[in-house]
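Single-structure report; data block below.
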Amino acid sequence: MPAPYSLARVAGAALPHDSALAHCTGEARFIDDIAEPPGTLHAALVLSDVAHARLLGLDMAAARGMAGVVAVLGPGDLPGENNVSPGHKPGEPLFAETEILHWGQALALVVATTRDAALAAAQAVQARIEPLEPVLSIETALAKGDLLMPPMVLREGDVDAALAAAPHRLQGAFRCGGQEHFYLEGQICLAVPGEDGDLLLHSSTQHPTEVQHIAARVLGCDCNRITVQVRRMGGAFGGKESNASWVAAAAALAARHTGRPVKLRLSRRVDMAVTGKRHPFLFRWQAGFDATGRILALDALLAADGGHVLDLSPGVIFRAVTHALNALAVPAVRIDGRVVRTNTVGNTAFRGFGGPQGVLLSEAVVRQVAHALGMTPEAVRARNFAGGGNGDTTPYGQALDGALIRRVWREAEALSGWAERRAAVDRFNAAHPWKRRGLGSFVLAFGISFGVQSMNQAGALVHVYADGSIRLNHGGTEMGQGLFVKVAQVVAEVFGVPLARVRITATSTAEVPNTSATAASTGSDLNGWAAHHAAAAIRDRMAQAAATHWGVDASEVAFAEGEARAGNHRLEFGELAALCHRQRVSLSATGFYRTPGLHWDPVALRGEPFFYFSYGASVAEVEVDTLTGEHCCTGAWLVQDCGHSLNPAVDLGQIEGAFVQGMGWLTCEELWWDTAGRLRTLGPSTYKIPGSRDVPEVFEVRLLADAPARAETIFRSKAVGEPPLMLATAVWNALADAVGTVTLDMPVTPERLLLAWGERDGIGEQRV
Amino acid sequence: MSAMAAPAMIAFRLNGEPRLLPPETSPITTLLDWLRGPAGLTGTKEGCAEGDCGACTVALELPDGGRVPVNACLLTLGQLHGRALRTVEGLRGPDGAPHPVQATLAACHGTQCGFCTPGIVMTAWTHATEGGDPHDALAGNLCRCTGYRPILDAFARLAPEVAVAAPLPSLPAAPVLRGAGQVFHRPASLDALIALRVAHPEAWLLAGGTDLGLRISDHREQPALVICMLNVPELAIAAVTPAGLRIGAALPYRDLLALCVAEPGFAPLAGLLSRLGSRQIRGMGTLGGNLGTASPIGDALPPLLALGASLRLAGPEGEREMAVEDFLIGYRATALRPDEVIRDIWIPRPAEGSLFACEKLSRRHDQDITAVGLSVALTVAEGCIASVRVAHGGLGPQAARAPGAEAALAGAPFAAAAFAAAAAALSAEVTPLDDLRASAAYRRQAAGNLLRRLWWRWSGAEAA
């Protein structure tokens, strides 16, 4: 049985990231820092230079003849399947075969003795093509009815009747853009062949098991020949789930073909051209409401741009649809989620996974209803919070915690000093000739668990050596989020030893098999429990050994402060480990965990797909220059529910970083394609993520106090990776408030803001 | 020097120790490739290879103890010859303890994934002696994980360090470096530079290398021949007179910025230069390079046009002086002859009491390429605009003056109406592009609005 959270000492401490000092000295090794084995070859991708075409063939002869070139590999050179789909769906080739579906699509791989030789030869491979017309917008694809999967339609009540009966009706449309992950470390894999078909893949991946599966599929071999290992990634954010897998598969192919170690490292430019991004969305909606601001009916279309392949879009649209009402309860809804096919890169997982787009919908509705009724958006939102007489279940039937929703909002409102701030903003706006300030807020209820139920499992492997040192391994991956230190804290807590006794090790499919992606904010929840189970199994054996040694009952043995104790008996942890070894007690255990209680009917779209909800609230203040559209976030006040945090310092870092990343998505980060479908924002010089000056001048973050998770989570902590990204939605609301518009497309660049300012009197609610 | 002399080898000081590179080393290899490859120093990371993310930040140590952060991805080994360099591996103390910068950043939870961290550490290390606005220091370093707050906390806790002079060892003259079939000329006088320019019109002319370095680092070009201007004393001058500044074409922006901060009349130019690239870019980039590439955006070009700056061009026939507006003749085209180099730039000092502004619009405040640049210099006499020059960048094929806007302002009463008329004229007379930075419509409208905003400012309404 789980230890009560109140016992936590190491777990719950604000300890630094385990690699913090190694990061700062430059000694923390990333994959490109590993010394290359002798004879290592380098690979480079051949990319398409058109967005859509029939592919007639590749001319590789010139490239093959170039200096240093060892091999040029195309779709015909795969020993296994030409399919890198994460869901094993057809039509997701590693290399295009008959049709080019987006600009920058991988066509072939050049392997050479140096990276420069490979890059030069990749340029020399010519594709013979017949150009086809590309589809480049969501609207065009919708009009053609070209969907990557059947619509996912969430229904509750009779929305048509409720709309017809509502005292007031409004409609609206808006859009949000995609987002490049811009992990600082680009995609990379170093593939090292061993004997008899063995292959070790050093892959910068959030999902080593998927890398293993896809590499085995492409090579046509058993999974047991392939070991995937990763100590750390230089950022991932969802971009190293399915995308890391095909990059690694390409490196594996080259290593298998040449019999030599091969490194495939994508340059920033190539990385941004070939890897998927956050899905852009188009929203169209109609709502019915009454004079009090209560929303009675909502009928909405959420159209996601999936790009050219399905990839992880089913999960993204699931999360968008299930989060479209967010923390609100509306009695009659129809949320129609569609994933359209366009000739762009296949969009993929990105922190929030459809949630960030989904939660925009109800905010847009709230703003417009508030404007129509002369209310504040805050009043309309609160009028529709789940619970408190509004009904507390989501349209798919899972209960929300209405009290917690109201609490996080109250605390964020108070933290920001809302009323005084509102008055100050209004005074500023009345006085300034061309600048305007705005205030916005947001409240979040975000479901925690993978939408795919089978993924809600994890494994761990813990060894205690005879000197009492502990080696920890689990299926989670470290991408900077602090997972490794959190799980190590759990293990140290279980053994009652200082954190320094626990050695953190690289994630490897050889140590813990059949793992899930480290994603969906579930890393600590899943791997924390798995490691807890492994550690507890060893601790219980050690307790029995100590009990026998002392002649007491095992239940009397406690582990704390580096000792095992019972009554007046004491043994240093290492001495007990040595004793166990002498007495032939196993000091190694695996741990396994599966999230309890999840169920989901994928046809009816009903069930309880989430273990629990993460709640948060935010307030943002912005200042806008109405002559140029320049704007900045002058203040942000955030309250995030982390339950009983495993590590408040790590969690604070996740909250702040996610908020700034979300703000980047909503304001300054813009992917720009030309009319031929070529992405032109291919590096940090053209794709602008937030810099230090873009961080709000006043940035106050609170972890919700005294709020242990109600669900049986590890030490009653709660997930934190994704939810706070959505708290940046308050910035969008604040910008709309400053400009005095209700419709504001994203990203809200200076240009879009200036446009909105110019049209602020013309746009607004359209009464039906 | 004897024609039989052995070829010079690249020599510099790395983390306090002298390094002499093998003769086969190409002088046109980027420092980043050399560090991560042959040198085995993998602490310095490649994040973008275009001088924008800062993950490869290392520091030049100046003889006076100054520390200049630079992007290792944009710097060639040839440029490094004779200089002193510090990387993240060289910060630990003699006892092996981490430098306080490293310990502080770690203690402040300033790292998450850690990939940007070595670059941020090096920026912080230079900031410890250079000081100034932390945002200004961090403009050239991107972090995708932390949201910067803990990094800024660490910067706030850094104890300032006193610069310690570290004279460079004197090396034998190395007028030319060769390796791997590539040649890197390092002329040490203007005459030698011109002679090389005449002999090798096809060679790359390299000053700071922030533009050409991109072609090596990101585009992987391998030029056969480079002429480096960094060691030509005539091109490194910074002469101040009551009438203005004479700036050597190869003087780094870092030095020009320091001058503009200190010199009366140049504060608006200093404000603009502080947004030009980042500290890393300004440590290497030069005004001469900005003029030579004649980009249509031309960050520093609008102020030069607005102030009536001129250049001195030097060639085998001698020197000629030319106004900047005559020098810029079209899209990335200049009046520079194939055998000429830009020697220096004369920037007249704005008269006391005159108004001067250098506006820049970009998506992000820091380290972003200008979408609309607008510089205005004007004088007011007896309530009327006595003289005015308006110049823009990003609004057409080249940075240029705006005759329509100038006509609307010249002689008119110094009042809102004149600025409104000039704004309308400016919006009408420019021919901007639609591109990834902004649409033509936005650029037109915002350019005019910048003139309106200047009126608000100059008329004192900003105080609201």
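Residue numbering restarts at 1 in every chain; chains get A, B, ... in the order shown in the structure tokens, and ligands count up from 1 in that same order.
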For stretch 221-303 of chain A against stretch 658-672 of chain A, with a cut-off of 12 Å and counting only C-alpha atoms, what is the closest atom pair and its distance in Å to one decimal for every residue that makes the cut, ordered by chain and number, as JSON lines?
```
{"residue": "A:Phe237", "atom": "CA", "partner": "A:Ala658", "partner_atom": "CA", "distance": 9.7}
{"residue": "A:Met272", "atom": "CA", "partner": "A:Leu671", "partner_atom": "CA", "distance": 10.0}
{"residue": "A:Ala273", "atom": "CA", "partner": "A:Leu671", "partner_atom": "CA", "distance": 10.8}
{"residue": "A:Gly276", "atom": "CA", "partner": "A:Leu671", "partner_atom": "CA", "distance": 11.7}
{"residue": "A:Lys277", "atom": "CA", "partner": "A:Leu671", "partner_atom": "CA", "distance": 9.5}
{"residue": "A:Arg278", "atom": "CA", "partner": "A:Trp665", "partner_atom": "CA", "distance": 9.3}
{"residue": "A:His279", "atom": "CA", "partner": "A:Leu671", "partner_atom": "CA", "distance": 11.1}
{"residue": "A:Pro280", "atom": "CA", "partner": "A:Leu671", "partner_atom": "CA", "distance": 9.8}
```
Since we have the selection now, will you write its residues out, keeping N, CA and C atoms, as a CSV table (one decimal), in the first residue's frame?
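Wrote again.csv, looks like this:
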```
chain,number,residue,atom,x,y,z
A,237,PHE,N,9.5,18.6,-25.8
A,237,PHE,CA,8.2,19.3,-25.9
A,237,PHE,C,7.2,18.5,-26.8
A,272,MET,N,13.7,21.9,-38.9
A,272,MET,CA,12.4,22.7,-39.0
A,272,MET,C,11.7,22.4,-40.3
A,273,ALA,N,12.4,21.9,-41.3
A,273,ALA,CA,11.7,21.6,-42.6
A,273,ALA,C,10.9,20.3,-42.5
A,276,GLY,N,7.3,17.5,-37.7
A,276,GLY,CA,6.0,18.1,-37.5
A,276,GLY,C,5.9,19.1,-36.4
A,277,LYS,N,4.8,19.8,-36.3
A,277,LYS,CA,4.7,20.9,-35.4
A,277,LYS,C,3.3,20.8,-34.7
A,278,ARG,N,3.1,21.8,-33.8
A,278,ARG,CA,1.7,21.9,-33.2
A,278,ARG,C,0.7,22.2,-34.3
A,279,HIS,N,-0.5,21.5,-34.2
A,279,HIS,CA,-1.5,21.7,-35.2
A,279,HIS,C,-2.1,23.1,-35.2
A,280,PRO,N,-2.1,23.8,-36.4
A,280,PRO,CA,-3.0,25.0,-36.5
A,280,PRO,C,-4.4,24.6,-36.5
```
**OP:** Just the residues within 8 Å of stretch 719-723 of chain A, please, counting only C-alpha atoms, with nothing from its chain fewer than 3 positions along; format it as a list in words.
**Re:**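 Once the nearby chain positions are removed, what remains is Arg351, Gly352, Leu444, Phe446, Ile448, Gln481, Ala520, Ser521, Thr522, Ser524, Asp525, Ser614, Tyr615, Gly616, Cys642, Asp651, Gln654, Ile655, Ala658, Met726 and Leu727 of chain A.
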**OP:** With a cut-off of 7 Å and counting only C-alpha atoms, select all residues of chain B in contact with chain A and give the selection as a ChimeraX atom specification.
**Re:** /B:42-43,47-48,52-53,88-89,102-103,106-107,109,111-118,121,135,138-139,142,144-148,363-364,368,436,438,442,446,449,464
Subject >> Close residues, A:Val330 itself excluded, 7 Å, only C-alpha atoms, min 4 positions apart in chain, as a list in words >> reply: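 Answer for this query is Ile295, Leu296 and Ala297 of chain A.
Atom CA of A:Asp198 sits 12.7 Å away from atom CA of A:Gly220.
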